[in-house]
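A quick write-up on the structure given underneath.
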Amino acid sequence: MNEHLKPVYLEEKLDEIRADGHQDYRSKAVPTWCPGCGYYSMSEGFTMALNRLGIEPENTVVVSGIGCASRFPFFVNTYGFHTLHGRTLPVATGVKQANDALTVVAVGGDGDAFAIGGGHIPHAARRNVDITYLVFDNGIYGLTKGQASPTSALGFTTPTTPYDNCDQPLNPLMMLLSYKASWVGQAYAGRPHHLADMIAEAMAHRGFSYLHILSPCVTFDKTDMTYANLDVGVRDLTDDHDRTDLMAAVAQAEAKEAPALGVFFEETRPTLADAMAETIRRSGGQAA
Amino acid sequence: MKKNGNGTDIQIAICGSAGDGTIAAGDILKRAMSLQGYKVIAFDLYPAEIRGFGKCISRVRISSDQTYSLKPQSDILISLNDPHAIPHVGEVRDYGAVIYEDMPIARVPEGGHISAHVRPAQIPYGLSIRYISEQATSSARSRNIVVLGYLAGLLAIERDGFHQTIQEKFKTKAKAIAEQNIKAFDAGYNLARGVFRLDTVAIRPPRHAKSGGDAVMMTGNGAVVRAFLDAGIETYFGYPITPATSIMERLTVEMPKTGGRVLQTEDEISAIAATIGAGYAGARAATATSGPGLALMAEMLGLGVMAEVPSVIVVSQRGGPSTGLPTKTEQSDLNMAVFGGAGDAQRIVLAPTNVEGCYKCAGKAFEIAEKFQTPVIVLLDLYLSNRYETVIPPKRNPFAPKPQKALAALGGNGPYKRFAAKPDHISPRAIPGEEGRMHTVTGLEHNELGRPSDLPEVHMAMSHKRHEKLKGALKLRDLTLCKRFGDDGPVDVGILGWGSTFGEILEAMYAAQEEGIRCSAMKVVMLSPLPRDKVAAFCDDCREVLVPELNYEGQFASLISGELGRPVTRLSQVTGAPMRVEEILQEVRQLSAKARPKRRRKKQDMGDERASEAGLP
């Protein structure tokens, strides 16, 4: 029988959710996002991933920038650092350099990541800092009420592009692949269970993992990156996609009109911590 | 310098073109002299370009008693490049010497040879520097070492110390290189023993020969590095910028030896961001930069203040604004260090005045940053960063290690109040990894839990907390916040100074005292929060207050006169070079005359000090 046809009893469902344990990772603060915002899937997916991986909340640090997505640390029960616009990655790098034992997750939106903070991404990627970077791309500046972002589509009309956006949007996945990020994937807020799987896989990766999450802004974008458009637009990466093949990943990333969901690229190489350990060894010192 | 009998006090200037080995020669000279127990202060001027024909000057002051700055006049000038050295002939005192090449390899245009510029009262010593170098080493590359040997011979200084220093200097190179340079040195030395003696420049045996072994030559930047290591720095982030780069370079060598981590970031924004990130995670973390880098860091400093995260930022100022004069000194970033950034972001700013001070301030900065949970800026300038002084390192590590916080029993079941109100305004600070104390810190205004809040009462209370907690820094016992020198009690002229210029100020003050002017000087090390009461008490003792500093408007003078509401006399200049003692002294003389217009005349008329006092209005 199709599971959707089974009756769902509220009490049973609540018990099931409580027993699962992922709600322990939620904070008492009530999220400030609009109803229907894609970011709810992010917080749900993140808590589910932490729960599944069995990471203690006290050993987790969520670092964020500024924007709707960056309010995220307040809504999870871990250590959090809500920093400055665009500076998520360097702060996260500092946290990780100070203490390898911490699980560090950097969170931001598309403006935070690719406009003001774009200069930091290649360096976090090339150093292979062992952090997970979750970028929530809604193609818009939500917190300042709907201006165009670096990922806004051509022809998109916003308060700062009243005669339509004439700037070519960036292709974040292509950027990350060319920076040699050691794990690159894409997920969609409209598929929360897949999103949770992808967050868990990104966090399990040792090295710099980048997860691009398509996440509609239900308040300021009624025409472009909507649930309706994305639901029919997205596709799954086929089973035969070779995630160790960079060029295959680039080809998938280039086909932006039908965004692919899944792991584009993955490789194992020494992390920043490994490089530090090697430097310490060469200097004749011992790790602290 | 305080006058103290027949000590040695000479200054040597070596001038050449980039690539002549000018700075290297000065380096060997100061190390060799320090090794023999002399006090040494040295400062090099060099161009912003690595190659080409820019001017390099290395000045070394060698003395048996403590001195505080370079002398306005040198005793000996050595020219390795006449076009560059000719303008400096005038800085050689009467009966001082000028040493130069007397066999140029190419035709010299009219007036192009330094011998035509040596003044009648100066003593010329010409030698065939290039020829001697070629004879001794088959190469002209050791010209700088030949003149060094010649200098040592002329002054009859023991050559062992030089040999040892040359060995040390070239120890990483092939063995033959050190040997060749020693040959070059000896060739110059022997030649000088055969020429007529220079008995107008005397160097006497060092008085404190015993301390010679303990004393080390150190630059301000070197002292910062040493302090960071002694204080147990765990991680450092930096981006290359003159004149702070040498801090990162030295730390990159030393820190890994004790398990420390250094990361060269992509810009200064990342450097401070990562420093604050590491500070948040509980590590002793620091960065160093210059003015342009501090400008980029301004927003992050505000985050450090708001989120109450400790961090240490060393700023070595250079000429500005913008890219400015990257290899020249200036004190024009005071305003930015103290006030720069958005909002009411008061932070702690320490400005050491000498190399020893760099050590103390940089090491203590960690403790202070941790105690007050805030960024601490240690403000140097190029003159202080790069000048050498002999210092005697402390026998015992003077810096407290990072407190190892024990996990206290959790109080109650409520959420952790990271920004809880406390009588001293310093809240408990849990670091990631501590169970049950999860919280989020933010650059947004926040309540005691760290959650965003823009309620008026919250913003008022938290602003109050962030400002009031810093007042505790004024009660620090183990760091000199400000200090008075010279005459006690009421004086005619008080010189108020900060940073590297204080060396010249002290020299000028002692010289003024010699002339019978009642004066004293105060250095202010803590620029923010300002030790207002002590500075005010000092100013109240002075009829005239003089504030010499190396910036155009007199930024410290503005800070003081604004804070105390009293006028001060500014002595501001932006030559890119340290201030000259003579200029400060001249200003002191004028202010002294203004303070006591009748004093000298009365004194002559009556010969009675009390009468002159009585004659004052």
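Identifiers in the structure tokens: chain A, B, ... in order shown; residue index from 1 per chain; ligand index from 1 in order shown.
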
Spatial neighbours of B:Arg141, 12 Å, only C-alpha atoms, chain gap at least 2 places, as an NGL selection string: :B and (19-22 or 24-25 or 80 or 129-139 or 143-147 or 177 or 180-181 or 184)

Interface list for chain A, partner chain B, 6 Å threshold, only C-alpha atoms, as an mmCIF file with C-alpha atoms, in the first residue's frame:
data_model
loop_
_atom_site.group_PDB
_atom_site.id
_atom_site.type_symbol
_atom_site.label_atom_id
_atom_site.label_comp_id
_atom_site.auth_asym_id
_atom_site.auth_seq_id
_atom_site.Cartn_x
_atom_site.Cartn_y
_atom_site.Cartn_z
ATOM 1 C CA GLU A 58 28.943 20.758 22.395
ATOM 2 C CA ASN A 59 31.593 19.699 19.901
ATOM 3 C CA THR A 78 25.238 23.915 19.291
ATOM 4 C CA TYR A 79 27.981 26.488 19.709
ATOM 5 C CA GLY A 80 27.410 29.243 17.184
ATOM 6 C CA PHE A 81 29.141 32.308 15.839
ATOM 7 C CA HIS A 82 27.034 34.743 13.822
ATOM 8 C CA THR A 83 29.806 36.837 12.269
ATOM 9 C CA PRO A 90 37.883 32.784 7.502
ATOM 10 C CA VAL A 91 36.227 32.715 10.934
ATOM 11 C CA THR A 93 39.047 28.409 9.433
ATOM 12 C CA GLY A 94 40.228 30.107 12.632
ATOM 13 C CA VAL A 95 37.932 27.968 14.776
ATOM 14 C CA ALA A 98 42.316 26.411 17.105
ATOM 15 C CA ILE A 280 55.389 20.840 12.614
ATOM 16 C CA SER A 283 60.416 21.948 11.964
ATOM 17 C CA GLY A 284 61.376 19.207 14.399
ATOM 18 C CA GLY A 285 58.523 20.100 16.735
ATOM 19 C CA GLN A 286 55.737 18.097 18.274
ATOM 20 C CA ALA A 287 52.037 18.739 17.912
ATOM 21 C CA ALA A 288 50.618 20.547 20.921
#

Nearest residue to B:Arg589 from the set B:Gly554, B:Gly37, B:Gly516, B:Pro104 (distances using only C-alpha atoms): B:Gly516

Between atom CA of B:Pro47 and atom CA of B:Gly576 - distance in Å to one decimal: 11.7 Å

Nearest candidate to B:Arg226 (options B:Pro394, B:Gly112, B:Pro352, B:Pro243; using only C-alpha atoms):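 Between B:Pro394, B:Gly112, B:Pro352, B:Pro243, the residue approaching B:Arg226 most closely is B:Pro394.
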
Distance query stretch 7-15 of chain B at most 9 Å, only C-alpha atoms, self and fewer than 3 positions along chain excluded, as a ChimeraX atom specification: /B:3-4,22-23,25-26,38,55-65,67,70-71,73-82,84-85,88,92,201-207

Selection near stretch 18-28 of chain A, 10 Å with only C-alpha atoms, sequence-local residues under 3 positions removed, as a PyMOL selection string: (chain A and resi 12-15+31+43-52+54+56-57+73-78) or (chain B and resi 415+438-439)

Those residues with C-alpha atoms, as a compact mmCIF listing (two decimals), in the first residue's frame please?
# COMPACT_ATOMS: atom_id res chain seq x y z
CA GLU A 12 2.03 8.98 17.13
CA LYS A 13 3.96 11.24 14.76
CA LEU A 14 5.13 13.46 17.66
CA ASP A 15 6.28 10.43 19.63
CA PRO A 31 13.12 30.80 13.77
CA SER A 43 17.55 23.38 9.97
CA GLU A 44 15.60 20.12 9.89
CA GLY A 45 18.16 18.48 7.61
CA PHE A 46 21.07 19.73 9.70
CA THR A 47 19.66 18.45 12.99
CA MET A 48 18.83 15.12 11.37
CA ALA A 49 22.35 14.83 9.96
CA LEU A 50 24.00 15.61 13.32
CA ASN A 51 21.73 13.11 15.02
CA ARG A 52 22.50 10.44 12.46
CA GLY A 54 26.10 11.06 16.46
CA GLU A 56 27.70 15.91 20.22
CA PRO A 57 26.21 19.41 20.10
CA PRO A 73 23.05 29.29 14.43
CA PHE A 74 20.45 30.82 16.76
CA PHE A 75 18.01 28.03 15.98
CA VAL A 76 20.25 25.06 16.69
CA ASN A 77 21.50 23.93 20.06
CA THR A 78 25.24 23.92 19.29
CA PRO B 415 20.19 28.14 29.09
CA MET B 438 26.16 25.92 24.07
CA HIS B 439 25.38 29.45 22.98

Distance of atom CA of A:Arg126 from atom CA of A:Asp242, expressed in Å to one decimal place: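 That distance, rounded to one decimal, is 21.6 Å.
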
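Proximity to A:Asp137 was assessed for A:Ile66, A:Ala273, A:Ala189, A:Met203 counting only C-alpha atoms; the smallest distance is recorded for A:Ala189.
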
Two-atom distance - atom CA of B:Lys483, atom CA of B:Glu587 (Å): 21.6 Å

Sel. of strand (DSSP E or B) residues, stretch 311-420 of chain B, as a list in words: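 Secondary structure check on stretch 311-420 of chain B, strand (DSSP E or B): Ser311, Val312, Ile313, Val314, Val315, Ser316, Gln317, Gly319, Leu325, Ile348, Val349, Leu350, Pro375, Val376, Ile377, Val378, Leu379, Leu380, Asp381, Tyr388, Glu389, Thr390 and Val391 of chain B.
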
Close residues, A:Asp240 itself excluded, 12 Å, only C-alpha atoms, min 3 positions apart in chain, as number ranges by chain: A: 236-237, 243-245, 248-249, 262-264

Using backbone DSSP assignments, extract all helix (DSSP H, G or I) residues from stretch 9-63 of chain A; output them as a compact mmCIF listing (two decimals) with C-alpha atoms, in the first residue's frame.
# COMPACT_ATOMS: atom_id res chain seq x y z
CA LEU A 10 -0.59 13.49 15.46
CA GLU A 11 0.35 11.92 18.81
CA GLU A 12 2.03 8.98 17.13
CA LYS A 13 3.96 11.24 14.76
CA LEU A 14 5.13 13.46 17.66
CA ASP A 15 6.28 10.43 19.63
CA GLU A 16 8.14 9.22 16.60
CA ILE A 17 9.85 12.60 16.15
CA ARG A 18 10.77 12.83 19.86
CA ALA A 19 12.13 9.31 19.90
CA ASP A 20 14.26 10.06 16.86
CA HIS A 22 17.12 15.10 16.28
CA GLN A 23 15.00 17.71 18.00
CA ASP A 24 17.55 17.82 20.82
CA TYR A 25 19.71 19.71 18.37
CA TYR A 39 15.58 27.37 5.32
CA TYR A 40 13.29 25.27 7.48
CA SER A 41 14.44 22.23 5.54
CA MET A 42 17.99 23.28 6.23
CA SER A 43 17.55 23.38 9.97
CA GLU A 44 15.60 20.12 9.89
CA GLY A 45 18.16 18.48 7.61
CA PHE A 46 21.07 19.73 9.70
CA THR A 47 19.66 18.45 12.99
CA MET A 48 18.83 15.12 11.37
CA ALA A 49 22.35 14.83 9.96
CA LEU A 50 24.00 15.61 13.32
CA ASN A 51 21.73 13.11 15.02
CA ARG A 52 22.50 10.44 12.46
CA LEU A 53 26.25 10.99 12.67
CA PRO A 57 26.21 19.41 20.10
CA GLU A 58 28.94 20.76 22.40
CA ASN A 59 31.59 19.70 19.90

Nearby residues (only C-alpha atoms) at most 10 Å from A:Cys217, same-chain spacing under 2 positions excluded, as a list in words: Trp33, Cys34, Gly36, Cys37, Gly38, Tyr39, Cys68, Asp137, Asn138, Gly139, Ile140, Tyr141, Gly142, Gly146, Leu214, Ser215, Thr219, Phe220, Asp221, Lys222, Asp224, Met225, Thr226 and Tyr227 of chain A
